[in-house]
Every structure is written in C-alpha cells, then in structure tokens.
file query13.txt (compact mmCIF, C-alpha atoms and all ligand atoms)
# COMPACT_ATOMS: atom_id res chain seq x y z
CA MET Z 1 144.56 -77.67 84.05
CA PHE Z 2 145.59 -79.06 87.41
CA ASP Z 3 144.71 -77.79 90.85
CA GLN Z 4 147.10 -77.59 93.80
CA PHE Z 5 146.08 -81.13 94.86
CA GLY Z 6 147.05 -82.61 91.50
CA ARG Z 7 143.48 -83.11 90.28
CA ARG Z 8 142.97 -82.55 86.58
CA VAL Z 9 139.93 -80.45 85.69
CA THR Z 10 138.23 -81.82 82.58
CA SER Z 11 134.54 -81.31 83.13
CA LEU Z 12 132.49 -78.11 83.04
CA ARG Z 13 128.88 -77.73 84.18
CA LEU Z 14 127.37 -74.62 82.70
CA SER Z 15 124.14 -73.32 84.19
CA VAL Z 16 122.78 -71.32 81.25
CA THR Z 17 119.97 -69.84 83.36
CA ASP Z 18 118.86 -70.11 86.97
CA ARG Z 19 115.22 -69.77 85.88
CA CYS Z 20 112.94 -72.73 85.66
CA ASP Z 21 109.42 -73.64 84.64
CA LEU Z 22 109.12 -75.91 87.70
CA ARG Z 23 109.65 -75.27 91.41
CA CYS Z 24 110.85 -78.57 92.89
CA PHE Z 25 110.40 -77.98 96.60
CA TYR Z 26 113.91 -79.15 97.57
CA CYS Z 27 115.51 -76.94 94.91
CA MET Z 28 113.75 -73.56 95.05
CA THR Z 29 110.90 -71.74 96.73
CA GLU Z 30 107.81 -70.54 94.83
CA SER Z 31 108.85 -66.91 95.13
CA VAL Z 32 112.54 -67.33 94.32
CA THR Z 33 114.48 -64.29 93.03
CA PHE Z 34 116.42 -64.98 89.85
CA THR Z 35 119.56 -63.41 88.46
CA SER Z 36 118.53 -60.15 86.79
CA ARG Z 37 118.76 -60.05 83.02
CA ARG Z 38 121.41 -57.34 83.05
CA GLU Z 39 123.69 -59.59 85.10
CA LEU Z 40 123.51 -62.36 82.51
CA CYS Z 41 126.31 -63.25 80.16
CA SER Z 42 125.13 -63.25 76.56
CA LEU Z 43 125.09 -66.53 74.64
CA GLU Z 44 128.16 -65.32 72.73
CA GLU Z 45 129.97 -64.67 76.02
CA LEU Z 46 129.05 -68.12 77.35
CA ASP Z 47 130.34 -69.60 74.11
CA ARG Z 48 133.57 -67.63 74.44
CA LEU Z 49 134.04 -68.77 78.04
CA CYS Z 50 133.44 -72.41 77.07
CA GLY Z 51 135.96 -72.04 74.24
CA VAL Z 52 138.61 -70.89 76.70
CA PHE Z 53 137.84 -73.77 79.08
CA ILE Z 54 138.16 -76.21 76.19
CA GLN Z 55 141.53 -74.68 75.24
CA LEU Z 56 142.59 -75.21 78.83
CA GLY Z 57 141.70 -78.91 78.82
CA VAL Z 58 137.98 -79.25 79.49
CA CYS Z 59 136.69 -82.08 77.30
CA LYS Z 60 133.20 -82.59 78.73
CA ILE Z 61 130.54 -79.93 78.98
CA ARG Z 62 127.16 -80.43 80.57
CA LEU Z 63 124.57 -77.74 79.95
CA THR Z 64 122.20 -77.36 82.82
CA GLY Z 65 120.34 -74.78 84.88
CA GLY Z 66 117.73 -73.93 86.19
CA GLU Z 67 116.01 -75.38 83.21
CA PRO Z 68 118.31 -74.96 80.19
CA PHE Z 69 115.47 -75.01 77.64
CA VAL Z 70 113.84 -71.90 79.15
CA ARG Z 71 116.86 -69.77 78.20
CA LYS Z 72 116.03 -67.91 74.99
CA GLY Z 73 118.37 -69.03 72.22
CA PHE Z 74 119.52 -72.10 74.13
CA MET Z 75 119.57 -74.29 71.02
CA LYS Z 76 121.77 -71.69 69.32
CA LEU Z 77 124.29 -72.09 72.13
CA VAL Z 78 124.20 -75.89 71.84
CA ARG Z 79 124.84 -75.54 68.11
CA LEU Z 80 127.71 -73.10 68.68
CA LEU Z 81 129.35 -75.40 71.23
CA SER Z 82 128.94 -78.47 69.05
CA ARG Z 83 131.64 -77.16 66.69
CA HIS Z 84 134.16 -78.19 69.36
CA LEU Z 85 133.00 -81.83 69.34
CA GLY Z 86 135.48 -84.35 68.00
CA LYS Z 87 138.72 -82.80 66.79
CA GLY Z 88 137.81 -79.48 68.44
CA GLY Z 89 138.73 -80.93 71.82
CA LEU Z 90 135.28 -81.63 73.21
CA ASP Z 91 134.45 -85.32 73.76
CA GLU Z 92 131.01 -84.91 75.25
CA LEU Z 93 128.23 -82.34 75.20
CA THR Z 94 125.31 -83.36 77.41
CA ILE Z 95 122.25 -81.69 78.86
CA THR Z 96 120.47 -82.02 82.19
CA THR Z 97 116.81 -81.13 81.92
CA ASN Z 98 113.47 -81.55 83.64
CA GLY Z 99 112.17 -82.88 80.31
CA ILE Z 100 109.18 -80.53 80.07
CA ARG Z 101 110.35 -78.99 76.76
CA LEU Z 102 112.45 -81.88 75.55
CA SER Z 103 110.15 -83.39 72.94
CA GLN Z 104 110.29 -80.40 70.58
CA HIS Z 105 114.11 -80.35 70.52
CA ALA Z 106 115.02 -84.04 70.63
CA VAL Z 107 115.70 -84.61 66.93
CA GLU Z 108 117.69 -81.38 66.57
CA LEU Z 109 119.83 -82.25 69.60
CA LEU Z 110 120.87 -85.52 68.01
CA GLU Z 111 121.61 -83.82 64.69
CA ILE Z 112 123.80 -81.28 66.45
CA GLY Z 113 125.88 -83.99 68.11
CA VAL Z 114 124.39 -84.40 71.58
CA ARG Z 115 124.34 -88.09 72.43
CA ARG Z 116 122.89 -88.20 75.93
CA VAL Z 117 120.42 -86.27 78.06
CA ASN Z 118 119.89 -86.56 81.81
CA VAL Z 119 116.26 -86.16 82.77
CA SER Z 120 115.06 -85.65 86.34
CA VAL Z 121 112.19 -87.89 87.40
CA ASP Z 122 111.60 -88.04 91.13
CA SER Z 123 108.28 -89.87 90.91
CA LEU Z 124 106.24 -91.87 88.40
CA ARG Z 125 102.97 -90.97 90.10
CA PRO Z 126 101.39 -87.90 88.50
CA ASP Z 127 99.97 -86.47 91.74
CA ARG Z 128 103.22 -86.95 93.63
CA PHE Z 129 105.24 -85.58 90.73
CA LEU Z 130 103.02 -82.50 90.75
CA ALA Z 131 103.47 -82.10 94.51
CA ILE Z 132 107.28 -82.36 94.29
CA THR Z 133 107.65 -80.02 91.31
CA ARG Z 134 104.72 -77.76 92.29
CA HIS Z 135 103.87 -77.25 88.57
CA GLY Z 136 105.02 -80.29 86.64
CA ARG Z 137 102.87 -82.57 84.53
CA LEU Z 138 104.50 -85.99 84.51
CA ALA Z 139 102.93 -86.91 81.15
CA ARG Z 140 104.83 -84.08 79.44
CA VAL Z 141 108.11 -85.25 80.89
CA LEU Z 142 107.46 -88.84 79.86
CA ASP Z 143 106.57 -87.65 76.34
CA GLY Z 144 109.84 -85.73 76.26
CA ILE Z 145 111.80 -88.78 77.32
CA THR Z 146 110.06 -90.98 74.75
CA ALA Z 147 110.74 -88.44 72.00
CA ALA Z 148 114.40 -88.20 72.98
CA ALA Z 149 114.83 -91.98 73.10
CA SER Z 150 113.04 -92.38 69.74
CA ALA Z 151 115.33 -89.76 68.23
CA GLY Z 152 118.30 -91.91 69.30
CA LEU Z 153 119.50 -90.05 72.39
CA ARG Z 154 120.69 -92.08 75.37
CA ILE Z 155 118.70 -91.32 78.49
CA ARG Z 156 119.81 -91.17 82.08
CA ILE Z 157 117.12 -90.70 84.68
CA ASN Z 158 118.17 -88.71 87.75
CA THR Z 159 116.15 -89.30 90.89
CA VAL Z 160 116.76 -87.32 94.07
CA VAL Z 161 115.88 -89.62 96.95
CA LEU Z 162 113.54 -87.87 99.39
CA ALA Z 163 112.83 -89.62 102.68
CA GLY Z 164 109.11 -89.95 103.31
CA ILE Z 165 108.30 -88.62 99.83
CA ASN Z 166 109.49 -91.02 97.11
CA GLU Z 167 111.43 -93.65 99.04
CA ASP Z 168 108.66 -96.19 98.43
CA GLU Z 169 109.04 -95.85 94.64
CA LEU Z 170 112.68 -96.63 94.11
CA ILE Z 171 112.23 -100.20 92.89
CA GLU Z 172 109.42 -99.10 90.58
CA LEU Z 173 111.73 -96.46 89.11
CA VAL Z 174 114.48 -99.04 88.53
CA LEU Z 175 112.09 -101.48 86.83
CA TRP Z 176 110.53 -98.78 84.68
CA SER Z 177 113.87 -97.36 83.53
CA GLY Z 178 115.26 -100.88 82.98
CA ASP Z 179 112.24 -101.80 80.86
CA HIS Z 180 112.80 -98.79 78.63
CA GLY Z 181 116.56 -99.13 78.40
CA TYR Z 182 117.33 -95.97 80.36
CA ASP Z 183 120.14 -95.68 82.89
CA ILE Z 184 119.11 -94.49 86.32
CA CYS Z 185 120.99 -92.66 89.02
CA PHE Z 186 119.86 -92.01 92.60
CA ILE Z 187 121.12 -88.83 94.27
CA GLU Z 188 121.30 -87.78 97.91
CA VAL Z 189 119.60 -84.46 98.60
CA MET Z 190 122.12 -81.76 99.51
CA PRO Z 191 121.72 -78.80 101.88
CA LEU Z 192 121.80 -76.31 99.01
CA GLY Z 193 119.04 -73.74 99.22
CA SER Z 194 117.08 -76.19 101.36
CA SER Z 195 117.72 -77.75 104.74
CA GLY Z 196 118.08 -81.17 103.19
CA ARG Z 197 115.63 -82.45 105.77
CA TYR Z 198 114.44 -85.20 103.44
CA TYR Z 199 117.90 -86.71 103.37
CA MET Z 200 118.21 -90.47 103.07
CA PRO Z 201 121.71 -91.99 102.79
CA ILE Z 202 122.46 -93.91 99.62
CA SER Z 203 123.41 -96.96 101.71
CA GLN Z 204 119.73 -97.22 102.72
CA VAL Z 205 118.68 -96.95 99.10
CA GLN Z 206 121.01 -99.79 98.17
CA THR Z 207 119.75 -101.93 101.06
CA GLN Z 208 116.17 -101.31 100.01
CA LEU Z 209 116.83 -102.19 96.36
CA ALA Z 210 118.79 -105.29 97.34
CA GLN Z 211 115.73 -106.69 99.14
CA ARG Z 212 113.99 -107.18 95.78
CA LEU Z 213 116.72 -106.99 93.17
CA THR Z 214 119.97 -108.83 92.63
CA LEU Z 215 122.68 -106.19 92.68
CA THR Z 216 126.38 -106.79 92.14
CA ALA Z 217 129.15 -104.21 92.41
CA SER Z 218 130.28 -102.83 89.07
CA ASP Z 219 133.66 -101.29 88.37
CA TYR Z 220 132.13 -99.16 85.60
CA ARG Z 221 133.07 -95.48 85.96
CA SER Z 222 131.26 -92.71 84.17
CA SER Z 223 132.61 -89.21 83.72
CA GLY Z 224 130.65 -88.08 86.78
CA PRO Z 225 130.79 -88.82 90.51
CA ALA Z 226 128.44 -91.83 90.50
CA HIS Z 227 129.39 -95.31 91.63
CA TYR Z 228 127.49 -98.20 90.06
CA VAL Z 229 125.98 -101.61 90.61
CA HIS Z 230 124.67 -104.05 88.03
CA CYS Z 231 121.06 -105.21 88.33
CA ALA Z 232 120.51 -108.83 87.22
CA GLU Z 233 116.72 -108.52 86.80
CA THR Z 234 116.86 -105.58 84.37
CA GLY Z 235 120.39 -105.99 83.02
CA GLN Z 236 120.97 -102.29 83.62
CA ARG Z 237 123.50 -100.28 85.59
CA ILE Z 238 122.22 -98.33 88.55
CA GLY Z 239 124.22 -95.29 89.61
CA PHE Z 240 124.42 -93.67 93.04
CA ILE Z 241 125.63 -90.17 93.79
CA ALA Z 242 126.31 -89.78 97.49
CA PRO Z 243 127.86 -86.37 98.14
CA ILE Z 244 126.96 -86.52 101.84
CA SER Z 245 127.67 -90.10 102.85
CA ARG Z 246 130.40 -91.00 100.38
CA ALA Z 247 132.25 -87.89 99.31
CA PHE Z 248 134.07 -88.11 96.01
CA CYS Z 249 136.13 -84.92 96.27
CA GLU Z 250 139.48 -86.68 95.89
CA SER Z 251 138.69 -87.51 92.29
CA CYS Z 252 136.67 -84.39 91.48
CA ASP Z 253 137.37 -83.17 87.94
CA ARG Z 254 134.48 -80.68 87.78
CA ILE Z 255 134.00 -76.94 87.84
CA ARG Z 256 130.82 -74.92 87.51
CA LEU Z 257 130.00 -71.74 85.67
CA THR Z 258 126.84 -69.71 86.26
CA CYS Z 259 124.80 -67.77 83.71
CA ALA Z 260 126.33 -64.58 85.17
CA GLY Z 261 129.86 -65.78 84.42
CA THR Z 262 130.75 -66.74 87.99
CA LEU Z 263 133.11 -69.67 88.28
CA PHE Z 264 132.61 -72.02 91.24
CA PRO Z 265 135.51 -74.45 91.55
CA CYS Z 266 133.49 -76.47 94.10
CA LEU Z 267 129.73 -77.03 94.36
CA GLY Z 268 129.84 -77.28 98.14
CA GLN Z 269 131.83 -74.12 98.93
CA GLU Z 270 131.06 -70.41 98.51
CA GLN Z 271 134.43 -69.59 96.92
CA SER Z 272 133.94 -68.11 93.43
CA VAL Z 273 135.45 -65.82 90.79
CA ASP Z 274 133.57 -63.39 88.55
CA LEU Z 275 134.89 -63.98 85.02
CA ARG Z 276 133.02 -61.08 83.45
CA PRO Z 277 135.58 -58.34 84.23
CA PRO Z 278 138.60 -60.18 82.75
CA MET Z 279 136.46 -61.26 79.80
CA ARG Z 280 135.02 -57.83 79.07
CA ARG Z 281 138.22 -55.85 79.64
CA SER Z 282 139.94 -57.30 76.60
CA LYS Z 283 139.10 -58.90 73.29
CA THR Z 284 141.95 -61.35 73.73
CA ASN Z 285 141.68 -64.13 76.29
CA THR Z 286 144.93 -63.56 78.18
CA LEU Z 287 143.32 -62.01 81.29
CA LEU Z 288 140.63 -64.64 81.26
CA VAL Z 289 143.09 -67.52 81.08
CA THR Z 290 145.03 -66.09 84.04
CA ALA Z 291 141.85 -65.63 86.11
CA ILE Z 292 140.68 -69.17 85.36
CA ALA Z 293 144.06 -70.78 86.02
CA GLU Z 294 144.31 -68.93 89.35
CA ALA Z 295 140.78 -69.97 90.40
CA LEU Z 296 141.38 -73.58 89.49
CA TRP Z 297 144.66 -73.79 91.29
CA HIS Z 298 142.74 -72.79 94.43
CA LYS Z 299 139.94 -75.31 93.93
CA PRO Z 300 139.06 -76.37 97.51
CA ARG Z 301 140.20 -79.79 98.66
CA GLY Z 302 136.57 -80.77 99.22
CA HIS Z 303 133.07 -79.68 100.08
CA SER Z 304 131.92 -79.36 103.67
CA PHE Z 305 128.78 -81.50 103.49
CA SER Z 306 128.45 -84.15 106.13
CA SER Z 307 125.65 -85.68 108.13
CA ASP Z 308 124.90 -85.01 111.77
CA PRO Z 309 125.55 -88.27 113.63
CA VAL Z 310 122.60 -87.69 115.98
CA SER Z 311 119.87 -86.36 113.69
CA ASN Z 312 121.26 -88.03 110.53
CA GLN Z 313 120.51 -84.77 108.71
CA PRO Z 314 122.94 -83.33 106.17
CA VAL Z 315 124.85 -80.34 107.45
CA LEU Z 316 127.76 -78.19 106.42
CA THR Z 317 130.65 -78.15 108.80
CA ASN Z 318 130.72 -74.33 108.85
CA GLN Z 319 126.97 -73.54 108.48
CA PRO Z 320 123.66 -75.43 108.32
CA VAL Z 321 122.89 -74.66 104.67
CA LEU Z 322 124.43 -72.96 101.64
CA THR Z 323 121.98 -70.30 100.52
CA ARG Z 324 123.03 -70.79 96.89
CA ARG Z 325 120.58 -73.11 95.14
CA MET Z 326 121.54 -76.00 92.91
CA SER Z 327 119.87 -74.17 90.01
CA VAL Z 328 122.56 -71.47 90.19
CA THR Z 329 125.47 -73.81 89.60
CA GLY Z 330 123.59 -76.62 87.91
CA GLY Z 331 123.55 -80.34 88.52
N1 LIG U 1 116.21 -78.37 85.70
C1 LIG U 1 117.05 -79.46 85.35
C2 LIG U 1 116.70 -80.71 86.10
O1 LIG U 1 115.88 -80.65 87.02
O2 LIG U 1 117.24 -81.75 85.74
C3 LIG U 1 118.53 -79.15 85.51
C4 LIG U 1 118.96 -78.42 86.75
S1 LIG U 1 118.67 -79.26 88.29
C5 LIG U 1 119.36 -78.11 89.43
C6 LIG U 1 119.87 -80.56 88.17
C7 LIG U 1 119.71 -81.69 89.14
O3 LIG U 1 119.93 -81.20 90.45
C8 LIG U 1 118.33 -82.33 89.15
O4 LIG U 1 118.47 -83.74 89.01
C9 LIG U 1 117.78 -81.97 90.50
O5 LIG U 1 116.89 -82.94 90.97
C10 LIG U 1 119.04 -81.86 91.32
N2 LIG U 1 118.92 -81.06 92.55
C11 LIG U 1 118.36 -79.85 92.73
N3 LIG U 1 118.47 -79.44 94.02
C12 LIG U 1 119.12 -80.43 94.68
C13 LIG U 1 119.55 -80.62 96.02
N4 LIG U 1 119.32 -79.72 96.97
N5 LIG U 1 120.21 -81.77 96.32
C14 LIG U 1 120.46 -82.72 95.36
N6 LIG U 1 120.08 -82.59 94.08
C15 LIG U 1 119.42 -81.47 93.73
FE1 LIG U 2 113.82 -76.62 88.14
FE2 LIG U 2 115.53 -78.64 88.01
FE3 LIG U 2 115.36 -77.14 90.24
FE4 LIG U 2 113.35 -78.74 89.62
S1 LIG U 2 115.45 -79.36 90.11
S2 LIG U 2 113.17 -76.58 90.23
S3 LIG U 2 113.36 -78.68 87.43
S4 LIG U 2 116.06 -76.47 88.26

call {"tool": "encode", "arguments": {"input": "query13.txt", "output": "structure tokens", "more": "lines below"}}
Ligand code: SAM
Ligand code: SF4
result
Amino acid sequence: MFDQFGRRVTSLRLSVTDRCDLRCFYCMTESVTFTSRRELCSLEELDRLCGVFIQLGVCKIRLTGGEPFVRKGFMKLVRLLSRHLGKGGLDELTITTNGIRLSQHAVELLEIGVRRVNVSVDSLRPDRFLAITRHGRLARVLDGITAAASAGLRIRINTVVLAGINEDELIELVLWSGDHGYDICFIEVMPLGSSGRYYMPISQVQTQLAQRLTLTASDYRSSGPAHYVHCAETGQRIGFIAPISRAFCESCDRIRLTCAGTLFPCLGQEQSVDLRPPMRRSKTNTLLVTAIAEALWHKPRGHSFSSDPVSNQPVLTNQPVLTRRMSVTGG
C-alpha cells in the first residue's frame, strides 16, 4: 500500500475504545463525551478490518485507546489478532496502555505473542501523577509495569513532556527506567483536544538531559517516529518524538483506525473515511479494499502542527487546535 507521495503504509494504530479510566488533563476533560456504544464496531468487525489491512501490507499493529484494557473483550481481540503473527503477515502486535490494569493480563499477553508494551508514565511522584491523571494511582501503574517485565514483556515508558509540570523530573525518569531496563521515550505535547499550552520543545529536553548525562547520537531506528540517543550512564537508548519541532511526515508509515471504524490517514489532519458502510454492505471485502486504497492514496503530505515563533506555543497552521482528542485515534 503506497500513498501518492510514495510512502509505504505498514503500521496501523487501532484505538479500540476512546474511553479511559484516567483523565490526563492534556488528553481529555473530566466531562468528556465518548463515542456512543451503538457507533462502535464490534470486536469481530475490528478483527475483520485488521485482517484486511494486513492483507494490504500492514505488518505492525499497535492496540491503543483511550485505555485499551477498559474495552470489554479486549483480550479476546488480542488473541484473535495474534493468529496473524509470524507467517500470517503480522510482525509486531504491541499495546499502549496507562498500566492501571496491566498486571492482571501480563502473563496472558506474553503467551498470546505480544512482546512489548508501551506504558505512559508522566511522573514518578504519586501526588503529581494523581494531579496529571486526575484519578491515577502511581503504585498501580508501577505494579503493572513490574508484572509485565517479570512476565517477560519488553517495556517502553512514554512520557509527555509538560512545561512547568514534569520538566524537573526528566533525568529522574531516565535513571529510573535505565535502572529497570526499560526504554524511555519523551514526547512533545500536541494541540489535540488541548491547547498544548504546556509545550516544551524536545531540543530543550535534550539540552537539559545533556547537562547531567552523557548522550551520543544513535542511528537506531524503531518502527515509530522516534529518534534516539544513547545514554552512557545507564547504557539505555532514549527516544524523542517531536511532532511539533521536528516533523517526521516524510517517512510516515502509519494510519489510524478508531473504535467506530473511521480511518484517519494522518493524526494531525481532520481528513477521514468511515469504513463501516463498505464493510457492512457486503460479506466480501472488495468494497472495503477499494475504500481503504482510496483513502491511503490521499494520505496528506503532512500534519499542520507547528510552533508560533513568538509565543513558542504549538499551533495548527489552519486552526489553533484540533478538537479530536488523542484518545480517539490513539497514540
Ligand atoms: N491510555 C493509553 C496511554 O495513556 O498510554 C493509550 C492511549 S494515550 C492517547 C497514548 C499516548 O498519547 C500516551 O502516551 C499519552 O500520554 C499520549 N497523549 C495523549 N494526549 C496527547 C497530546 N495532546 N499530545 C501528545 N501526546 C498525547
Ligand atoms: Fe487515558 Fe491515555 Fe488519555 Fe491519559 S493519555 S486520559 S490514560 S487515554
């Protein structure tokens, strides 16, 4: 599957639900309205859609949300999708989670064939973690991470860098993750569902880390948009995802599917296609394949995030903020 700019699409992010048991302040408001249950695709439909994407060349699927573990039957979907691993065309099945419900599923995930989970940890201080997530108990997340690591899953910690909120903890997060053998990735906050007013460019993060740690450029490339450095003190790789200050659209191989069957070829644009009608109109996948191929061909050249040179705040070139939250398309 190629788009009109010659980029090959190989990676699918599937948001299995936009609901969540936390309310991270930069992601959603307390009183957020979720997709109604009658809009949802069933687990069987999500499995069918993923099967078609795999046929069309997707070889990496990341299950995300909202919080994927709050979707009823989520583990059934993971099990269904795992049949594609290996010779079935799927190289990688990963999950992005807030970690709250991870401990009870860790062993089963490994048995099914999941090898890595990404867990969001924006702070290692319980009171600050609670303030950021509005409901989250850090201890539960750390228990989830420990259980997953003990089960044999590789862990990547995702930290959204929030100016004035957790910027004083970045070194601590690196040392903690390095000590435990987890990878860590720092992410710029995007103007999705929030104004992004806590934006801090990744270059500042790197400068801050370099004051205490010995960082050298690494040519390691993961399947995602991160660029990496090597940290001499911990021996680990540190990833940086900088959608605002260092756009990676030229090499974008990703598409996103919501729990309502809407395909977003680009996270940072509103353009989308509802895949439910072509899926539900026929038992064969011909209409679906045509709709997907058409949508992918028109994948936008790039997102429209940038930062205002005066205020240094992230903005969209055509509007200040995309009302769609990250939990709709998944991270
Ligand atoms: N609930 C899971 C979690 O928190 O990991 C999965 C979904 S969450 C939307 C995926 C990732 O997106 C998390 O690492 C989260 O911190 C990040 N995220 C949410 N809103 C964001 C925003 N406006 N800008 C940048 N990252 C964001
Ligand atoms: Fe939930 Fe993840 Fe959004 Fe936090 S970032 S509110 S855990 S979906």

call {"tool": "closest_residue", "arguments": {"input": "query13.txt", "among": "Z:Ala210, Z:Ala163, Z:Leu22, Z:Val273", "to": "Ala260 of chain Z", "atoms": "only C-alpha atoms"}}
result
Z:Val273

call {"tool": "residues_around", "arguments": {"input": "query13.txt", "residues": "Ile165 of chain Z", "least_positions_apart": "2", "cutoff": "12 Å", "atoms": "all atoms listed in the file", "output": "list in words"}}
result
Phe25, Tyr26, Asp122, Ser123, Arg125, Asp127, Arg128, Phe129, Ala131, Ile132, Thr159, Val160, Val161, Leu162, Ala163, Glu167, Asp168, Glu169, Leu170, Arg197, Tyr198, Tyr199 and Met200 of chain Z

call {"tool": "closest_residue", "arguments": {"input": "query13.txt", "among": "Z:Val70, Z:Cys27, Z:Leu192, Z:Leu56", "to": "Leu12 of chain Z", "atoms": "all atoms listed in the file"}}
result
Z:Leu56

call {"tool": "residues_near_ligand", "arguments": {"input": "query13.txt", "ligand": "ligand LIG 1 (chain U)", "cutoff": "6 Å", "atoms": "only C-alpha atoms and all ligand atoms", "output": "list in words"}}
result
Tyr26, Cys27, Thr64, Gly65, Gly66, Glu67, Thr96, Thr97, Asn98, Val119, Ser120, Asn158, Val160, Glu188, Val189, Met190, Pro191, Leu192, Met326, Ser327, Gly330 and Gly331 of chain Z

call {"tool": "axis_aligned_box", "arguments": {"input": "query13.txt", "around": "ligand LIG 2 (chain U)", "padding_each_side": "6 Å", "output": "JSON"}}
result
{"center_x": 114.6, "center_y": -77.9, "center_z": 88.8, "size_x": 14.9, "size_y": 14.9, "size_z": 14.8}

call {"tool": "decode", "arguments": {"input": "query13.txt", "residues": "segment 224-233 of chain Z", "atoms": "all heavy atoms", "output": "PDB file, in the first residue's frame"}}
result
ATOM      1  N   GLY Z 224       8.587   3.283  14.931  1.00  0.00           N
ATOM      2  CA  GLY Z 224       7.804   4.505  15.100  1.00  0.00           C
ATOM      3  C   GLY Z 224       8.572   5.754  14.685  1.00  0.00           C
ATOM      4  O   GLY Z 224       9.633   5.659  14.068  1.00  0.00           O
ATOM      5  N   PRO Z 225       8.059   6.917  15.066  1.00  0.00           N
ATOM      6  CA  PRO Z 225       8.645   8.187  14.621  1.00  0.00           C
ATOM      7  C   PRO Z 225       9.780   8.709  15.496  1.00  0.00           C
ATOM      8  O   PRO Z 225      10.277   9.805  15.262  1.00  0.00           O
ATOM      9  CB  PRO Z 225       7.445   9.133  14.703  1.00  0.00           C
ATOM     10  CG  PRO Z 225       6.611   8.585  15.809  1.00  0.00           C
ATOM     11  CD  PRO Z 225       6.792   7.101  15.787  1.00  0.00           C
ATOM     12  N   ALA Z 226      10.184   7.956  16.517  1.00  0.00           N
ATOM     13  CA  ALA Z 226      11.180   8.482  17.457  1.00  0.00           C
ATOM     14  C   ALA Z 226      12.571   8.551  16.836  1.00  0.00           C
ATOM     15  O   ALA Z 226      12.916   7.731  15.987  1.00  0.00           O
ATOM     16  CB  ALA Z 226      11.216   7.598  18.706  1.00  0.00           C
ATOM     17  N   HIS Z 227      13.369   9.547  17.274  1.00  0.00           N
ATOM     18  CA  HIS Z 227      14.802   9.488  17.020  1.00  0.00           C
ATOM     19  C   HIS Z 227      15.478   9.252  18.377  1.00  0.00           C
ATOM     20  O   HIS Z 227      14.912   9.553  19.425  1.00  0.00           O
ATOM     21  CB  HIS Z 227      15.315  10.739  16.293  1.00  0.00           C
ATOM     22  CG  HIS Z 227      15.173  12.014  17.058  1.00  0.00           C
ATOM     23  ND1 HIS Z 227      14.013  12.747  17.088  1.00  0.00           N
ATOM     24  CD2 HIS Z 227      16.046  12.700  17.830  1.00  0.00           C
ATOM     25  CE1 HIS Z 227      14.178  13.823  17.837  1.00  0.00           C
ATOM     26  NE2 HIS Z 227      15.400  13.817  18.309  1.00  0.00           N
ATOM     27  N   TYR Z 228      16.705   8.709  18.350  1.00  0.00           N
ATOM     28  CA  TYR Z 228      17.271   8.177  19.587  1.00  0.00           C
ATOM     29  C   TYR Z 228      18.651   8.729  19.900  1.00  0.00           C
ATOM     30  O   TYR Z 228      19.405   9.119  18.993  1.00  0.00           O
ATOM     31  CB  TYR Z 228      17.396   6.646  19.483  1.00  0.00           C
ATOM     32  CG  TYR Z 228      16.061   5.956  19.495  1.00  0.00           C
ATOM     33  CD1 TYR Z 228      15.336   5.769  18.310  1.00  0.00           C
ATOM     34  CD2 TYR Z 228      15.486   5.515  20.684  1.00  0.00           C
ATOM     35  CE1 TYR Z 228      14.097   5.160  18.314  1.00  0.00           C
ATOM     36  CE2 TYR Z 228      14.242   4.897  20.701  1.00  0.00           C
ATOM     37  CZ  TYR Z 228      13.559   4.733  19.515  1.00  0.00           C
ATOM     38  OH  TYR Z 228      12.327   4.132  19.525  1.00  0.00           O
ATOM     39  N   VAL Z 229      18.973   8.725  21.187  1.00  0.00           N
ATOM     40  CA  VAL Z 229      20.361   8.923  21.612  1.00  0.00           C
ATOM     41  C   VAL Z 229      20.711   7.765  22.546  1.00  0.00           C
ATOM     42  O   VAL Z 229      19.832   7.093  23.087  1.00  0.00           O
ATOM     43  CB  VAL Z 229      20.561  10.274  22.366  1.00  0.00           C
ATOM     44  CG1 VAL Z 229      20.273  11.461  21.473  1.00  0.00           C
ATOM     45  CG2 VAL Z 229      19.727  10.334  23.644  1.00  0.00           C
ATOM     46  N   HIS Z 230      22.016   7.554  22.721  1.00  0.00           N
ATOM     47  CA  HIS Z 230      22.478   6.537  23.655  1.00  0.00           C
ATOM     48  C   HIS Z 230      22.939   7.235  24.926  1.00  0.00           C
ATOM     49  O   HIS Z 230      23.584   8.282  24.862  1.00  0.00           O
ATOM     50  CB  HIS Z 230      23.630   5.742  23.011  1.00  0.00           C
ATOM     51  CG  HIS Z 230      24.177   4.705  23.930  1.00  0.00           C
ATOM     52  ND1 HIS Z 230      25.298   4.910  24.697  1.00  0.00           N
ATOM     53  CD2 HIS Z 230      23.737   3.448  24.221  1.00  0.00           C
ATOM     54  CE1 HIS Z 230      25.525   3.829  25.423  1.00  0.00           C
ATOM     55  NE2 HIS Z 230      24.598   2.926  25.153  1.00  0.00           N
ATOM     56  N   CYS Z 231      22.598   6.685  26.077  1.00  0.00           N
ATOM     57  CA  CYS Z 231      22.978   7.296  27.348  1.00  0.00           C
ATOM     58  C   CYS Z 231      24.075   6.455  27.992  1.00  0.00           C
ATOM     59  O   CYS Z 231      23.840   5.282  28.330  1.00  0.00           O
ATOM     60  CB  CYS Z 231      21.744   7.376  28.244  1.00  0.00           C
ATOM     61  SG  CYS Z 231      22.122   8.007  29.886  1.00  0.00           S
ATOM     62  N   ALA Z 232      25.269   7.040  28.166  1.00  0.00           N
ATOM     63  CA  ALA Z 232      26.417   6.271  28.676  1.00  0.00           C
ATOM     64  C   ALA Z 232      26.187   5.819  30.119  1.00  0.00           C
ATOM     65  O   ALA Z 232      26.541   4.697  30.492  1.00  0.00           O
ATOM     66  CB  ALA Z 232      27.684   7.122  28.587  1.00  0.00           C
ATOM     67  N   GLU Z 233      25.578   6.655  30.949  1.00  0.00           N
ATOM     68  CA  GLU Z 233      25.417   6.332  32.368  1.00  0.00           C
ATOM     69  C   GLU Z 233      24.504   5.125  32.592  1.00  0.00           C
ATOM     70  O   GLU Z 233      24.732   4.329  33.497  1.00  0.00           O
ATOM     71  CB  GLU Z 233      24.833   7.534  33.148  1.00  0.00           C
ATOM     72  CG  GLU Z 233      25.822   8.647  33.408  1.00  0.00           C
ATOM     73  CD  GLU Z 233      26.099   9.506  32.174  1.00  0.00           C
ATOM     74  OE1 GLU Z 233      25.436   9.296  31.138  1.00  0.00           O
ATOM     75  OE2 GLU Z 233      26.986  10.368  32.246  1.00  0.00           O
TER      76      GLU Z 233
END
